[in-house]
Every structure is written in C-alpha cells, then in structure tokens.
file upload-v8.cif (mmCIF, C-alpha atoms)
data_coords
loop_
_atom_site.group_PDB
_atom_site.id
_atom_site.type_symbol
_atom_site.label_atom_id
_atom_site.label_comp_id
_atom_site.auth_asym_id
_atom_site.auth_seq_id
_atom_site.Cartn_x
_atom_site.Cartn_y
_atom_site.Cartn_z
ATOM 1 C CA MET T 988 -13.634 36.232 3.306
ATOM 2 C CA SER T 989 -14.780 34.177 6.240
ATOM 3 C CA GLU T 990 -12.437 32.647 8.763
ATOM 4 C CA PRO T 991 -11.538 29.004 8.227
ATOM 5 C CA ARG T 992 -13.440 26.610 10.437
ATOM 6 C CA LEU T 993 -11.932 23.721 12.349
ATOM 7 C CA VAL T 994 -13.357 20.299 11.592
ATOM 8 C CA GLU T 995 -12.468 17.799 14.281
ATOM 9 C CA ILE T 996 -11.596 14.318 13.073
ATOM 10 C CA ARG T 997 -9.844 11.286 14.524
ATOM 11 C CA ARG T 998 -7.756 9.570 11.948
ATOM 12 C CA ASN T 999 -4.761 7.401 12.680
ATOM 13 C CA VAL T 1000 -1.921 8.344 10.364
ATOM 14 C CA PHE T 1001 -1.198 4.643 9.862
ATOM 15 C CA LYS T 1002 -4.794 3.819 9.004
ATOM 16 C CA LYS T 1003 -4.032 2.718 5.448
ATOM 17 C CA ASN T 1004 -1.148 0.523 6.551
ATOM 18 C CA ASP T 1005 -3.142 -0.898 9.458
ATOM 19 C CA LEU T 1006 -6.060 -1.826 7.221
ATOM 20 C CA LEU T 1007 -3.780 -3.552 4.758
ATOM 21 C CA ALA T 1008 -1.957 -5.317 7.599
ATOM 22 C CA ARG T 1009 -5.289 -6.549 8.907
ATOM 23 C CA GLU T 1010 -6.088 -7.994 5.474
ATOM 24 C CA LEU T 1011 -2.692 -9.684 5.407
ATOM 25 C CA ARG T 1012 -3.260 -11.099 8.888
ATOM 26 C CA HIS T 1013 -6.548 -12.630 7.732
ATOM 27 C CA ARG T 1014 -4.873 -13.989 4.627
ATOM 28 C CA PHE T 1015 -2.098 -15.585 6.677
ATOM 29 C CA ALA T 1016 -4.614 -17.074 9.104
ATOM 30 C CA ASP T 1017 -6.753 -18.488 6.298
ATOM 31 C CA ALA T 1018 -3.691 -20.045 4.691
ATOM 32 C CA GLY T 1019 -2.514 -21.472 8.011
ATOM 33 C CA THR T 1020 0.806 -19.645 7.646
ATOM 34 C CA ARG T 1021 2.532 -18.461 10.806
ATOM 35 C CA VAL T 1022 4.294 -15.207 9.989
ATOM 36 C CA ILE T 1023 7.208 -14.042 12.085
ATOM 37 C CA SER T 1024 9.061 -10.782 11.523
ATOM 38 C CA LEU T 1025 12.552 -9.927 12.693
ATOM 39 C CA VAL T 1026 13.675 -6.399 13.543
ATOM 40 C CA SER T 1027 16.987 -5.126 14.893
ATOM 41 C CA SER T 1028 19.742 -2.641 14.268
ATOM 42 C CA PRO T 1029 22.028 -3.429 11.317
ATOM 43 C CA GLY T 1030 24.483 -6.196 12.135
ATOM 44 C CA SER T 1031 22.666 -7.814 15.052
ATOM 45 C CA GLY T 1032 22.494 -11.134 13.272
ATOM 46 C CA LYS T 1033 19.002 -11.300 11.776
ATOM 47 C CA THR T 1034 20.217 -13.053 8.662
ATOM 48 C CA ALA T 1035 22.463 -15.478 10.559
ATOM 49 C CA LEU T 1036 19.633 -16.446 12.906
ATOM 50 C CA LEU T 1037 17.236 -16.754 10.004
ATOM 51 C CA GLU T 1038 19.622 -18.948 8.030
ATOM 52 C CA GLN T 1039 19.990 -21.254 11.017
ATOM 53 C CA THR T 1040 16.219 -21.230 11.632
ATOM 54 C CA LEU T 1041 15.253 -21.967 8.039
ATOM 55 C CA THR T 1042 17.749 -24.830 7.907
ATOM 56 C CA SER T 1043 16.414 -26.282 11.168
ATOM 57 C CA LEU T 1044 12.771 -26.058 10.155
ATOM 58 C CA ARG T 1045 12.843 -27.075 6.530
ATOM 59 C CA GLU T 1046 12.931 -30.831 7.235
ATOM 60 C CA ARG T 1047 9.647 -30.700 9.137
ATOM 61 C CA TYR T 1048 7.846 -27.687 7.682
ATOM 62 C CA ARG T 1049 7.362 -25.729 4.519
ATOM 63 C CA VAL T 1050 9.145 -22.449 5.174
ATOM 64 C CA ALA T 1051 9.973 -19.296 3.226
ATOM 65 C CA ALA T 1052 11.424 -15.850 3.830
ATOM 66 C CA LEU T 1053 11.051 -12.271 2.681
ATOM 67 C CA VAL T 1054 14.010 -10.002 3.328
ATOM 68 C CA GLY T 1055 14.071 -6.238 3.200
ATOM 69 C CA ASP T 1056 17.142 -4.149 2.515
ATOM 70 C CA LEU T 1057 17.855 -0.666 1.255
ATOM 71 C CA ALA T 1058 20.150 -2.009 -1.450
ATOM 72 C CA THR T 1059 21.638 -5.331 -2.594
ATOM 73 C CA ASP T 1060 20.136 -8.798 -2.525
ATOM 74 C CA ASN T 1061 23.073 -10.198 -0.549
ATOM 75 C CA ASP T 1062 20.863 -11.417 2.295
ATOM 76 C CA ALA T 1063 18.482 -13.200 -0.049
ATOM 77 C CA THR T 1064 21.423 -14.859 -1.775
ATOM 78 C CA ARG T 1065 22.804 -15.907 1.593
ATOM 79 C CA LEU T 1066 19.447 -17.240 2.813
ATOM 80 C CA ALA T 1067 18.918 -19.158 -0.418
ATOM 81 C CA ARG T 1068 21.722 -21.408 0.833
ATOM 82 C CA ALA T 1069 19.166 -22.787 3.281
ATOM 83 C CA ARG T 1070 17.388 -24.120 0.166
ATOM 84 C CA VAL T 1071 14.008 -22.579 0.891
ATOM 85 C CA PRO T 1072 12.107 -19.979 -1.172
ATOM 86 C CA VAL T 1073 13.484 -16.495 -0.453
ATOM 87 C CA ARG T 1074 12.444 -13.170 -1.878
ATOM 88 C CA GLN T 1075 14.101 -9.804 -1.551
ATOM 89 C CA ILE T 1076 12.292 -6.527 -1.055
ATOM 90 C CA THR T 1077 14.679 -3.723 -1.975
ATOM 91 C CA THR T 1078 13.334 -0.563 -0.392
ATOM 92 C CA GLY T 1079 15.660 1.983 -2.003
ATOM 93 C CA THR T 1080 15.929 4.787 0.526
ATOM 94 C CA ILE T 1081 13.006 3.713 2.668
ATOM 95 C CA CYS T 1082 14.123 2.631 6.105
ATOM 96 C CA HIS T 1083 11.385 0.107 6.919
ATOM 97 C CA LEU T 1084 9.015 -2.396 5.359
ATOM 98 C CA ASP T 1085 5.320 -1.589 5.266
ATOM 99 C CA ALA T 1086 2.265 -3.733 4.673
ATOM 100 C CA GLU T 1087 2.016 -2.644 1.044
ATOM 101 C CA MET T 1088 5.543 -3.829 0.261
ATOM 102 C CA VAL T 1089 4.841 -7.184 1.924
ATOM 103 C CA ALA T 1090 1.537 -7.571 0.084
ATOM 104 C CA GLY T 1091 3.260 -6.708 -3.201
ATOM 105 C CA ALA T 1092 6.054 -9.222 -2.647
ATOM 106 C CA LEU T 1093 3.527 -11.944 -1.782
ATOM 107 C CA SER T 1094 0.989 -11.196 -4.475
ATOM 108 C CA ASP T 1095 1.743 -14.278 -6.553
ATOM 109 C CA TRP T 1096 2.780 -16.589 -3.733
ATOM 110 C CA ASN T 1097 0.574 -19.487 -2.760
ATOM 111 C CA LEU T 1098 0.576 -19.075 1.000
ATOM 112 C CA ALA T 1099 -1.498 -22.195 1.534
ATOM 113 C CA GLY T 1100 1.659 -24.163 0.788
ATOM 114 C CA LEU T 1101 3.582 -22.535 3.635
ATOM 115 C CA ASP T 1102 3.691 -23.331 7.342
ATOM 116 C CA PHE T 1103 6.053 -20.496 8.235
ATOM 117 C CA LEU T 1104 6.942 -17.238 6.563
ATOM 118 C CA PHE T 1105 9.739 -15.126 8.005
ATOM 119 C CA ILE T 1106 10.015 -11.429 7.240
ATOM 120 C CA GLU T 1107 13.379 -9.826 7.860
ATOM 121 C CA ASN T 1108 12.890 -6.093 8.185
ATOM 122 C CA VAL T 1109 15.410 -3.440 7.194
ATOM 123 C CA GLY T 1110 18.059 -3.057 9.905
ATOM 124 C CA ASN T 1111 16.680 -0.144 11.917
ATOM 125 C CA LEU T 1112 15.407 0.203 15.480
ATOM 126 C CA VAL T 1113 13.210 3.247 14.932
ATOM 127 C CA CYS T 1114 11.110 3.262 11.791
ATOM 128 C CA PRO T 1115 9.865 -0.356 11.586
ATOM 129 C CA SER T 1116 8.104 -0.010 14.928
ATOM 130 C CA SER T 1117 5.233 1.986 13.424
ATOM 131 C CA TYR T 1118 4.382 -0.358 10.584
ATOM 132 C CA ASP T 1119 2.243 -3.415 11.211
ATOM 133 C CA LEU T 1120 3.082 -6.077 8.626
ATOM 134 C CA GLY T 1121 0.298 -8.461 9.591
ATOM 135 C CA GLU T 1122 2.762 -10.753 11.333
ATOM 136 C CA ALA T 1123 1.690 -13.060 14.154
ATOM 137 C CA LEU T 1124 4.906 -12.563 16.039
ATOM 138 C CA ARG T 1125 7.369 -9.699 15.976
ATOM 139 C CA VAL T 1126 10.837 -10.512 17.236
ATOM 140 C CA VAL T 1127 13.401 -7.878 18.174
ATOM 141 C CA LEU T 1128 17.055 -8.903 18.213
ATOM 142 C CA MET T 1129 19.923 -7.351 20.149
ATOM 143 C CA SER T 1130 23.448 -8.732 19.999
ATOM 144 C CA VAL T 1131 25.806 -8.888 22.970
ATOM 145 C CA THR T 1132 28.250 -6.698 21.036
ATOM 146 C CA GLU T 1133 25.772 -3.805 21.061
ATOM 147 C CA GLY T 1134 25.801 -3.453 24.823
ATOM 148 C CA GLU T 1135 22.992 -3.811 27.319
ATOM 149 C CA GLU T 1136 21.032 -0.594 26.914
ATOM 150 C CA LYS T 1137 19.355 -0.988 23.541
ATOM 151 C CA PRO T 1138 15.872 -1.585 25.022
ATOM 152 C CA ARG T 1139 15.998 1.580 27.131
ATOM 153 C CA LYS T 1140 17.338 3.581 24.192
ATOM 154 C CA TYR T 1141 14.745 2.274 21.733
ATOM 155 C CA PRO T 1142 11.676 1.532 23.871
ATOM 156 C CA THR T 1143 9.172 1.899 21.047
ATOM 157 C CA ILE T 1144 10.486 -0.984 18.970
ATOM 158 C CA PHE T 1145 10.828 -3.211 22.036
ATOM 159 C CA ASN T 1146 7.281 -2.320 22.986
ATOM 160 C CA SER T 1147 5.985 -3.219 19.563
ATOM 161 C CA ALA T 1148 7.683 -6.647 19.643
ATOM 162 C CA ASP T 1149 6.491 -9.871 21.271
ATOM 163 C CA VAL T 1150 9.817 -11.581 21.855
ATOM 164 C CA ALA T 1151 13.379 -10.360 22.399
ATOM 165 C CA VAL T 1152 16.314 -12.451 21.194
ATOM 166 C CA ILE T 1153 19.805 -11.774 22.509
ATOM 167 C CA THR T 1154 22.186 -12.927 19.779
ATOM 168 C CA LYS T 1155 25.887 -13.800 19.496
ATOM 169 C CA ILE T 1156 25.987 -15.106 23.066
ATOM 170 C CA ASP T 1157 29.112 -17.074 22.179
ATOM 171 C CA LEU T 1158 30.852 -13.675 22.246
ATOM 172 C CA ALA T 1159 29.377 -12.587 25.584
ATOM 173 C CA ALA T 1160 32.495 -13.172 27.666
ATOM 174 C CA ALA T 1161 34.805 -11.557 25.115
ATOM 175 C CA VAL T 1162 32.819 -8.305 25.138
ATOM 176 C CA GLU T 1163 32.088 -8.481 28.890
ATOM 177 C CA PHE T 1164 28.371 -8.541 28.234
ATOM 178 C CA ASP T 1165 26.392 -7.887 31.407
ATOM 179 C CA ARG T 1166 23.511 -10.326 31.055
ATOM 180 C CA ALA T 1167 21.660 -9.171 34.164
ATOM 181 C CA ALA T 1168 21.820 -5.537 33.022
ATOM 182 C CA ALA T 1169 20.503 -6.469 29.586
ATOM 183 C CA LEU T 1170 17.603 -8.441 31.042
ATOM 184 C CA ALA T 1171 16.848 -5.553 33.405
ATOM 185 C CA SER T 1172 16.821 -3.164 30.456
ATOM 186 C CA ILE T 1173 14.314 -5.344 28.603
ATOM 187 C CA GLU T 1174 12.266 -5.731 31.769
ATOM 188 C CA ALA T 1175 12.223 -1.950 32.300
ATOM 189 C CA VAL T 1176 10.687 -1.420 28.889
ATOM 190 C CA ARG T 1177 8.448 -4.471 28.602
ATOM 191 C CA ASP T 1178 7.674 -6.219 31.831
ATOM 192 C CA GLY T 1179 7.488 -9.997 31.357
ATOM 193 C CA MET T 1180 8.745 -10.029 27.782
ATOM 194 C CA ARG T 1181 9.801 -13.460 26.525
ATOM 195 C CA VAL T 1182 13.570 -13.500 26.000
ATOM 196 C CA CYS T 1183 15.661 -16.035 24.089
ATOM 197 C CA GLU T 1184 19.446 -16.132 24.225
ATOM 198 C CA VAL T 1185 21.083 -17.674 21.197
ATOM 199 C CA SER T 1186 24.216 -18.142 19.175
ATOM 200 C CA ALA T 1187 23.514 -18.865 15.535
ATOM 201 C CA ARG T 1188 27.141 -19.887 15.185
ATOM 202 C CA THR T 1189 27.371 -22.516 17.941
ATOM 203 C CA GLY T 1190 23.683 -23.419 18.022
ATOM 204 C CA GLU T 1191 23.386 -22.587 21.714
ATOM 205 C CA GLY T 1192 19.834 -21.623 22.677
ATOM 206 C CA ILE T 1193 18.463 -22.417 19.227
ATOM 207 C CA ASP T 1194 16.093 -25.088 20.549
ATOM 208 C CA ASP T 1195 14.497 -22.581 22.922
ATOM 209 C CA TRP T 1196 14.151 -20.117 20.046
ATOM 210 C CA LEU T 1197 12.621 -22.771 17.788
ATOM 211 C CA ALA T 1198 10.052 -23.552 20.482
ATOM 212 C CA VAL T 1199 8.998 -19.898 20.364
ATOM 213 C CA VAL T 1200 8.893 -19.981 16.568
ATOM 214 C CA GLU T 1201 6.761 -23.107 16.554
ATOM 215 C CA GLY T 1202 4.432 -21.602 19.103
ATOM 216 C CA SER T 1203 5.018 -24.369 21.592
ATOM 217 C CA ALA T 1204 6.788 -22.214 24.139
ATOM 218 C CA PRO T 1205 4.793 -20.608 26.936
ATOM 219 C CA ASP T 1206 4.479 -16.898 27.659
ATOM 220 C CA VAL T 1207 4.314 -15.792 24.074
ATOM 221 C CA GLN T 1208 1.847 -13.071 23.350
ATOM 222 C CA THR T 1209 0.564 -13.020 19.806
ATOM 223 C CA SER T 1210 -1.797 -10.096 20.069
ATOM 224 C CA ARG T 1211 0.655 -7.442 18.999
ATOM 225 C CA HIS T 1212 -1.876 -5.857 16.726
ATOM 226 C CA ASP T 1213 -4.322 -5.359 19.555
ATOM 227 C CA ARG T 1214 -1.717 -4.066 21.918
ATOM 228 C CA CYS T 1215 0.009 -1.624 19.594
ATOM 229 C CA ARG T 1216 -1.152 1.915 19.189
ATOM 230 C CA ASP T 1217 -4.252 1.362 21.245
ATOM 231 C CA GLY T 1218 -2.687 2.933 24.275
ATOM 232 C CA ALA T 1219 -1.501 -0.328 25.757
ATOM 233 C CA PHE T 1220 2.134 0.585 25.385
ATOM 234 C CA LYS T 1221 3.713 1.029 28.741
ATOM 235 C CA GLU T 1222 3.394 4.732 29.344
ATOM 236 C CA ARG T 1223 6.304 6.427 31.045
ATOM 237 C CA MET Z 523 14.469 8.590 9.279
ATOM 238 C CA HIS Z 524 10.936 7.881 8.230
ATOM 239 C CA GLU Z 525 9.337 11.303 8.657
ATOM 240 C CA LEU Z 526 8.909 11.642 4.906
ATOM 241 C CA SER Z 527 6.915 8.394 4.845
ATOM 242 C CA ILE Z 528 4.855 9.702 7.755
ATOM 243 C CA ALA Z 529 4.245 12.987 5.903
ATOM 244 C CA LEU Z 530 3.085 11.030 2.850
ATOM 245 C CA SER Z 531 0.704 9.012 5.052
ATOM 246 C CA ILE Z 532 -0.693 12.253 6.487
ATOM 247 C CA ILE Z 533 -1.202 13.583 2.967
ATOM 248 C CA ASP Z 534 -3.019 10.373 1.977
ATOM 249 C CA GLY Z 535 -5.317 10.600 4.988
ATOM 250 C CA VAL Z 536 -6.036 14.309 4.691
ATOM 251 C CA THR Z 537 -6.656 14.011 0.945
ATOM 252 C CA ASP Z 538 -9.276 11.324 1.679
ATOM 253 C CA GLU Z 539 -10.929 13.549 4.274
ATOM 254 C CA LEU Z 540 -10.914 16.608 2.001
ATOM 255 C CA GLN Z 541 -12.351 14.715 -0.942
ATOM 256 C CA ALA Z 542 -15.097 13.332 1.294
ATOM 257 C CA ARG Z 543 -15.996 16.965 2.046
ATOM 258 C CA GLY Z 544 -16.016 18.141 -1.553
ATOM 259 C CA GLY Z 545 -12.422 19.374 -1.673
ATOM 260 C CA PRO Z 546 -12.543 22.612 0.347
ATOM 261 C CA LYS Z 547 -9.473 24.811 0.624
ATOM 262 C CA LEU Z 548 -7.253 23.602 3.453
ATOM 263 C CA HIS Z 549 -5.503 26.021 5.785
ATOM 264 C CA ALA Z 550 -4.086 23.759 8.468
ATOM 265 C CA VAL Z 551 -3.866 20.200 9.702
ATOM 266 C CA HIS Z 552 -3.866 19.425 13.415
ATOM 267 C CA LEU Z 553 -1.846 16.416 14.461
ATOM 268 C CA GLN Z 554 -1.445 14.707 17.812
ATOM 269 C CA LEU Z 555 2.070 13.329 18.219
ATOM 270 C CA GLY Z 556 2.933 11.006 21.100
ATOM 271 C CA SER Z 557 6.393 11.093 22.631
ATOM 272 C CA LEU Z 558 6.719 7.336 21.984
ATOM 273 C CA ALA Z 559 5.546 7.489 18.374
ATOM 274 C CA GLY Z 560 9.145 7.477 17.183
ATOM 275 C CA VAL Z 561 8.675 10.626 15.130
ATOM 276 C CA VAL Z 562 10.807 13.766 15.377
ATOM 277 C CA LYS Z 563 8.633 16.881 15.297
ATOM 278 C CA GLU Z 564 11.101 19.144 13.484
ATOM 279 C CA ALA Z 565 11.893 16.532 10.855
ATOM 280 C CA LEU Z 566 8.195 15.930 10.278
ATOM 281 C CA LEU Z 567 7.482 19.659 9.843
ATOM 282 C CA PHE Z 568 10.257 19.895 7.279
ATOM 283 C CA ALA Z 569 9.114 16.778 5.418
ATOM 284 C CA TYR Z 570 5.506 17.987 5.455
ATOM 285 C CA ASP Z 571 6.278 21.208 3.607
ATOM 286 C CA VAL Z 572 8.300 19.372 0.993
ATOM 287 C CA ALA Z 573 5.805 16.548 0.518
ATOM 288 C CA CYS Z 574 2.720 18.764 0.294
ATOM 289 C CA GLU Z 575 3.841 20.534 -2.862
ATOM 290 C CA GLY Z 576 1.565 19.709 -5.754
ATOM 291 C CA THR Z 577 -1.111 18.137 -3.537
ATOM 292 C CA LEU Z 578 -4.410 19.398 -2.084
ATOM 293 C CA LEU Z 579 -2.402 20.180 1.040
ATOM 294 C CA ALA Z 580 -0.013 22.626 -0.641
ATOM 295 C CA GLY Z 581 0.396 25.804 1.375
ATOM 296 C CA SER Z 582 -1.235 24.400 4.507
ATOM 297 C CA ARG Z 583 0.338 24.458 7.954
ATOM 298 C CA LEU Z 584 0.930 21.425 10.137
ATOM 299 C CA ILE Z 585 0.071 22.173 13.755
ATOM 300 C CA ILE Z 586 1.493 19.549 16.089
ATOM 301 C CA ALA Z 587 0.219 18.960 19.620
ATOM 302 C CA GLU Z 588 2.606 16.783 21.573
ATOM 303 C CA SER Z 589 1.223 14.193 23.952
ATOM 304 C CA GLU Z 590 2.217 11.115 25.927
ATOM 305 C CA GLY Z 591 2.140 7.623 24.507
ATOM 306 C CA THR Z 592 2.325 6.412 20.934
ATOM 307 C CA ALA Z 593 -0.490 8.420 19.378
ATOM 308 C CA LEU Z 594 -0.016 9.689 15.860
ATOM 309 C CA GLN Z 595 -3.328 10.899 14.599
ATOM 310 C CA ILE Z 596 -4.891 13.669 12.599
ATOM 311 C CA THR Z 597 -7.247 15.449 14.975
ATOM 312 C CA GLY Z 598 -8.556 18.358 12.912
ATOM 313 C CA LEU Z 599 -8.612 20.207 9.626
ATOM 314 C CA GLU Z 600 -8.958 23.957 9.210
ATOM 315 C CA ILE Z 601 -10.912 24.431 6.017
ATOM 316 C CA ASP Z 602 -12.907 27.188 4.342
ATOM 317 C CA ALA Z 603 -16.250 27.586 6.002
#
call {"tool": "encode", "arguments": {"input": "upload-v8.cif", "output": "structure tokens"}}
result
Amino acid sequence: MSEPRLVEIRRNVFKKNDLLARELRHRFADAGTRVISLVSSPGSGKTALLEQTLTSLRERYRVAALVGDLATDNDATRLARARVPVRQITTGTICHLDAEMVAGALSDWNLAGLDFLFIENVGNLVCPSSYDLGEALRVVLMSVTEGEEKPRKYPTIFNSADVAVITKIDLAAAVEFDRAAALASIEAVRDGMRVCEVSARTGEGIDDWLAVVEGSAPDVQTSRHDRCRDGAFKER
Amino acid sequence: MHELSIALSIIDGVTDELQARGGPKLHAVHLQLGSLAGVVKEALLFAYDVACEGTLLAGSRLIIAESEGTALQITGLEIDA
C-alpha cells in the first residue's frame, strides 16, 4: 500500500460560524438593528446592566434582548421586568453562544422593528471569544469585586471586545479596588480600548455607557469582525 | 471548556474537505493552534478522539503545530494517495 500523501489546505476552524455570523451582520445592517453583545465571567453584572439599559432605552427606542445560559431562564424572567421582548437561549452544557444559536433564536423575529438588540452571552471569559455572533459591538464586563487583573489573565476575550465596562463601582471603596491598576491591565492588553465605569445600582456612569450603546460616543471601534482572527490581535 | 465544540468544528470542516475530494481514507489532520486561540492542546486532543468516532475522521490522528497569535486553522490532511 502506498504512503499517505499530505494535502495542504488553509481552513479556519470557525469558518462555518464566521460565515453565518457574516450573514447575521448583513441581516442586522439591513434591518437597521444595532446589535450589542455582553460577555463576562459569571456574576459580573451583565443582567443588572442590561436591565438598567433596557429600561433606559425603551422610552426612545425599540429594544430587545437575547440571553444565553447553561440552565434556567431566570435572567430572561428578570429582564422581562424591563417590559421589552426577551428570549432565552438555554445552551445545556455548551459554554458559549454561537452564530447558529443566535440565528435560530431570531428566526421568527422581525428585526426591522428593532433599533437595538442585546445579546447576553453565557458567563465565561474563555469560550465566547472565538465565536463571532454578528454583533456590531462586543462589550466585556469586569466588576470591581473581581480584582484588577482580569484583562491580563484573559487577554483573548478582551482583545475580541470593542469596549470594556467596569461594573459595581459603587462597591469600589469597600473592596479596595485599584482603579489605576485595572485601567493599566486593560491598557496592557488592548491599547486605547474604550472603558466605561458604571454602577447599575446607583446609576453612576450609565449616561456614558448609554452614549457608547447609542453610538454617539467617540473612540468606539465597530470593526471587530475585521480585526479578529486576521492577525490584528496584539501579539505578545 | 469548549474543546469539544472546537473538535466538532474541525470534524465539520474536514468532512467537507474529504467529501470534496471523493471521500479518501484519512490518516491525519494537521492543525495550527495559536497560543492566544484560547484552546488547550491536551483537551482538544482528547475531545478529538472522542468526537471522531462514527465519522469519516474515525481513527485519524490530530497533529497540532503550536504558533503565536490567535490562529486556529486546518493546514493539511494526510489521505490515501
């Protein structure tokens, strides 16, 4: 029997997801829907920030949310209190959302009726970084209670995001949060990254965050798709 | 972690490539894995063996070349000549 031969190919492992995400991105653009995804570790306050955001925006815009969790629809139930359409994606044992799950959850939604769609990813700082969901803006959250080093520990997710939001800043003094160290950690991973500092509980910093959401704030890069995986990550 | 999902994506991609070539017997898959790809090599190797059972990839080896950056791509297939 002859020896096997080596066929050289170049195929991105995420090709299928990336193609579907590209279709979603076109669909969102055609519908005029700005799609913003939130990623963080569990317990950083994605749902609290989202609840506050949906409530703030719903008077002026048509908004909706998709929330991913391994189990339970607790977050969807909680977000429904903001009286906007909310759908749950229960992933079972899968630790991230992918473009197929988002497309499936949206299949019968009329996007043309929406100005903003928020996607809350499964709480995880590793896996979601690889999966493009077709969003215009990816936001990574870190709470003051998690310490200052999250960006250095999880550079890939911070690199894949456009904006960092430091949450629970009303607790900063109580946990002796070192703001300068946290900003330096973000800066070390993503030079010039837009950072918001908010408390969903007191409302502090929410206006700055909403300006980013609405696209009226400066220094927001929306070309995540172009930057990711094409070698533009900061190599170290 | 998500290495099982990654393994399933590799299987999808390789299956496409094999079918496009008439379904030759596969001996090995070469993969480039960047240090910032967020994928653990050992976990991926384990998941690969499990996930390949019952597919066109069953019995094949996954040969991983580590690199810098975020690359995660299939770079070659060893198939019957």
call {"tool": "resolve_selection", "arguments": {"input": "upload-v8.cif", "expression": "the PyMOL selection byres ((chain T and resi 1085) around 8)", "output": "ChimeraX atom specification"}}
result
/T:1004,1083-1084,1086-1089,1115,1118-1120
call {"tool": "interface_residues", "arguments": {"input": "upload-v8.cif", "of": "chain T", "to": "chain Z", "cutoff": "7 Å", "atoms": "all atoms listed in the file", "output": "number ranges by chain"}}
result
T: 989-1001, 1082, 1113-1114, 1143, 1216, 1218, 1222
call {"tool": "write_last_selection", "arguments": {"input": "upload-v8.cif", "atoms": "C-alpha atoms", "output": "mmCIF file, keeping the file's coordinate frame"}}
result
data_model
loop_
_atom_site.group_PDB
_atom_site.id
_atom_site.type_symbol
_atom_site.label_atom_id
_atom_site.label_comp_id
_atom_site.auth_asym_id
_atom_site.auth_seq_id
_atom_site.Cartn_x
_atom_site.Cartn_y
_atom_site.Cartn_z
ATOM 1 C CA SER T 989 -14.780 34.177 6.240
ATOM 2 C CA GLU T 990 -12.437 32.647 8.763
ATOM 3 C CA PRO T 991 -11.538 29.004 8.227
ATOM 4 C CA ARG T 992 -13.440 26.610 10.437
ATOM 5 C CA LEU T 993 -11.932 23.721 12.349
ATOM 6 C CA VAL T 994 -13.357 20.299 11.592
ATOM 7 C CA GLU T 995 -12.468 17.799 14.281
ATOM 8 C CA ILE T 996 -11.596 14.318 13.073
ATOM 9 C CA ARG T 997 -9.844 11.286 14.524
ATOM 10 C CA ARG T 998 -7.756 9.570 11.948
ATOM 11 C CA ASN T 999 -4.761 7.401 12.680
ATOM 12 C CA VAL T 1000 -1.921 8.344 10.364
ATOM 13 C CA PHE T 1001 -1.198 4.643 9.862
ATOM 14 C CA CYS T 1082 14.123 2.631 6.105
ATOM 15 C CA VAL T 1113 13.210 3.247 14.932
ATOM 16 C CA CYS T 1114 11.110 3.262 11.791
ATOM 17 C CA THR T 1143 9.172 1.899 21.047
ATOM 18 C CA ARG T 1216 -1.152 1.915 19.189
ATOM 19 C CA GLY T 1218 -2.687 2.933 24.275
ATOM 20 C CA GLU T 1222 3.394 4.732 29.344
#
call {"tool": "resolve_selection", "arguments": {"input": "upload-v8.cif", "expression": "the PyMOL selection byres ((chain T and resi 1022-1026) around 7)", "output": "list in words"}}
result
Thr1020, Arg1021, Ser1027, Lys1033, Phe1103, Leu1104, Phe1105, Ile1106, Glu1107, Asn1108, Gly1110, Glu1122, Ala1123, Leu1124, Arg1125, Val1126, Val1127 and Leu1128 of chain T
call {"tool": "closest_residue", "arguments": {"input": "upload-v8.cif", "among": "T:Val1131, T:Ala1052, T:Cys1183, T:Leu1057", "to": "T:Ile1081", "atoms": "all atoms listed in the file"}}
result
T:Leu1057
call {"tool": "atom_distance", "arguments": {"input": "upload-v8.cif", "atom1": "atom CA of T:Gln1075", "atom2": "atom CA of T:Val1054"}}
result
4.9 Å
call {"tool": "atom_distance", "arguments": {"input": "upload-v8.cif", "atom1": "atom CA of T:Ile1156", "atom2": "atom CA of T:Glu1174"}}
result
18.8 Å
call {"tool": "atom_distance", "arguments": {"input": "upload-v8.cif", "atom1": "atom CA of T:Ala1035", "atom2": "atom CA of T:Asp1062"}}
result
9.3 Å
call {"tool": "resolve_selection", "arguments": {"input": "upload-v8.cif", "expression": "the PyMOL selection byres ((chain T and resi 1197) around 12)", "output": "list of chain:residue names"}}
result
T:Ile1023, T:Leu1036, T:Leu1037, T:Gln1039, T:Thr1040, T:Leu1041, T:Thr1042, T:Ser1043, T:Leu1044, T:Phe1103, T:Val1152, T:Cys1183, T:Glu1184, T:Val1185, T:Ala1187, T:Gly1190, T:Glu1191, T:Gly1192, T:Ile1193, T:Asp1194, T:Asp1195, T:Trp1196, T:Ala1198, T:Val1199, T:Val1200, T:Glu1201, T:Gly1202, T:Ser1203, T:Ala1204
call {"tool": "residues_near_point", "arguments": {"input": "upload-v8.cif", "point": "(0.8, 20.1, 5.9)", "cutoff": "7 Å", "atoms": "all atoms listed in the file", "output": "PyMOL selection string"}}
result
chain Z and resi 550-551+570-571+574+579+582-584
call {"tool": "residues_around", "arguments": {"input": "upload-v8.cif", "residues": "T:Val1182", "least_positions_apart": "2", "cutoff": "9 Å", "atoms": "all atoms listed in the file", "output": "PyMOL selection string"}}
result
chain T and resi 1150-1153+1170+1173+1179-1180+1184+1196
call {"tool": "closest_residue", "arguments": {"input": "upload-v8.cif", "among": "T:Arg1047, T:Ala1171, T:Gly1055, T:Gly1121", "to": "T:His1013", "atoms": "all atoms listed in the file"}}
result
T:Gly1121
call {"tool": "closest_residue", "arguments": {"input": "upload-v8.cif", "among": "Z:Leu578, Z:Ala565, Z:Leu555, Z:Glu588", "to": "Z:Leu540", "atoms": "all atoms listed in the file"}}
result
Z:Leu578
call {"tool": "axis_aligned_box", "arguments": {"input": "upload-v8.cif", "around": "stretch 557-568 of chain Z", "padding_each_side": "8 Å", "output": "lines of an AutoDock Vina configuration file"}}
result
center_x = 8.7
center_y = 13.6
center_z = 15.0
size_x = 22.3
size_y = 28.6
size_z = 31.4
call {"tool": "decode", "arguments": {"input": "upload-v8.cif", "residues": "stretch 533-546 of chain Z", "atoms": "C-alpha atoms", "output": "CSV table (one decimal), in the first residue's frame"}}
result
chain,number,residue,atom,x,y,z
Z,533,ILE,CA,-14.8,17.4,12.0
Z,534,ASP,CA,-17.3,19.6,10.1
Z,535,GLY,CA,-14.5,21.3,8.1
Z,536,VAL,CA,-12.5,18.1,7.4
Z,537,THR,CA,-15.6,16.2,6.4
Z,538,ASP,CA,-16.3,19.0,3.8
Z,539,GLU,CA,-12.8,18.8,2.5
Z,540,LEU,CA,-12.8,15.0,2.3
Z,541,GLN,CA,-16.2,14.9,0.5
Z,542,ALA,CA,-14.9,17.5,-2.0
Z,543,ARG,CA,-12.1,15.0,-2.7
Z,544,GLY,CA,-14.3,12.0,-3.2
Z,545,GLY,CA,-14.0,10.7,0.4
Z,546,PRO,CA,-10.5,9.2,0.6
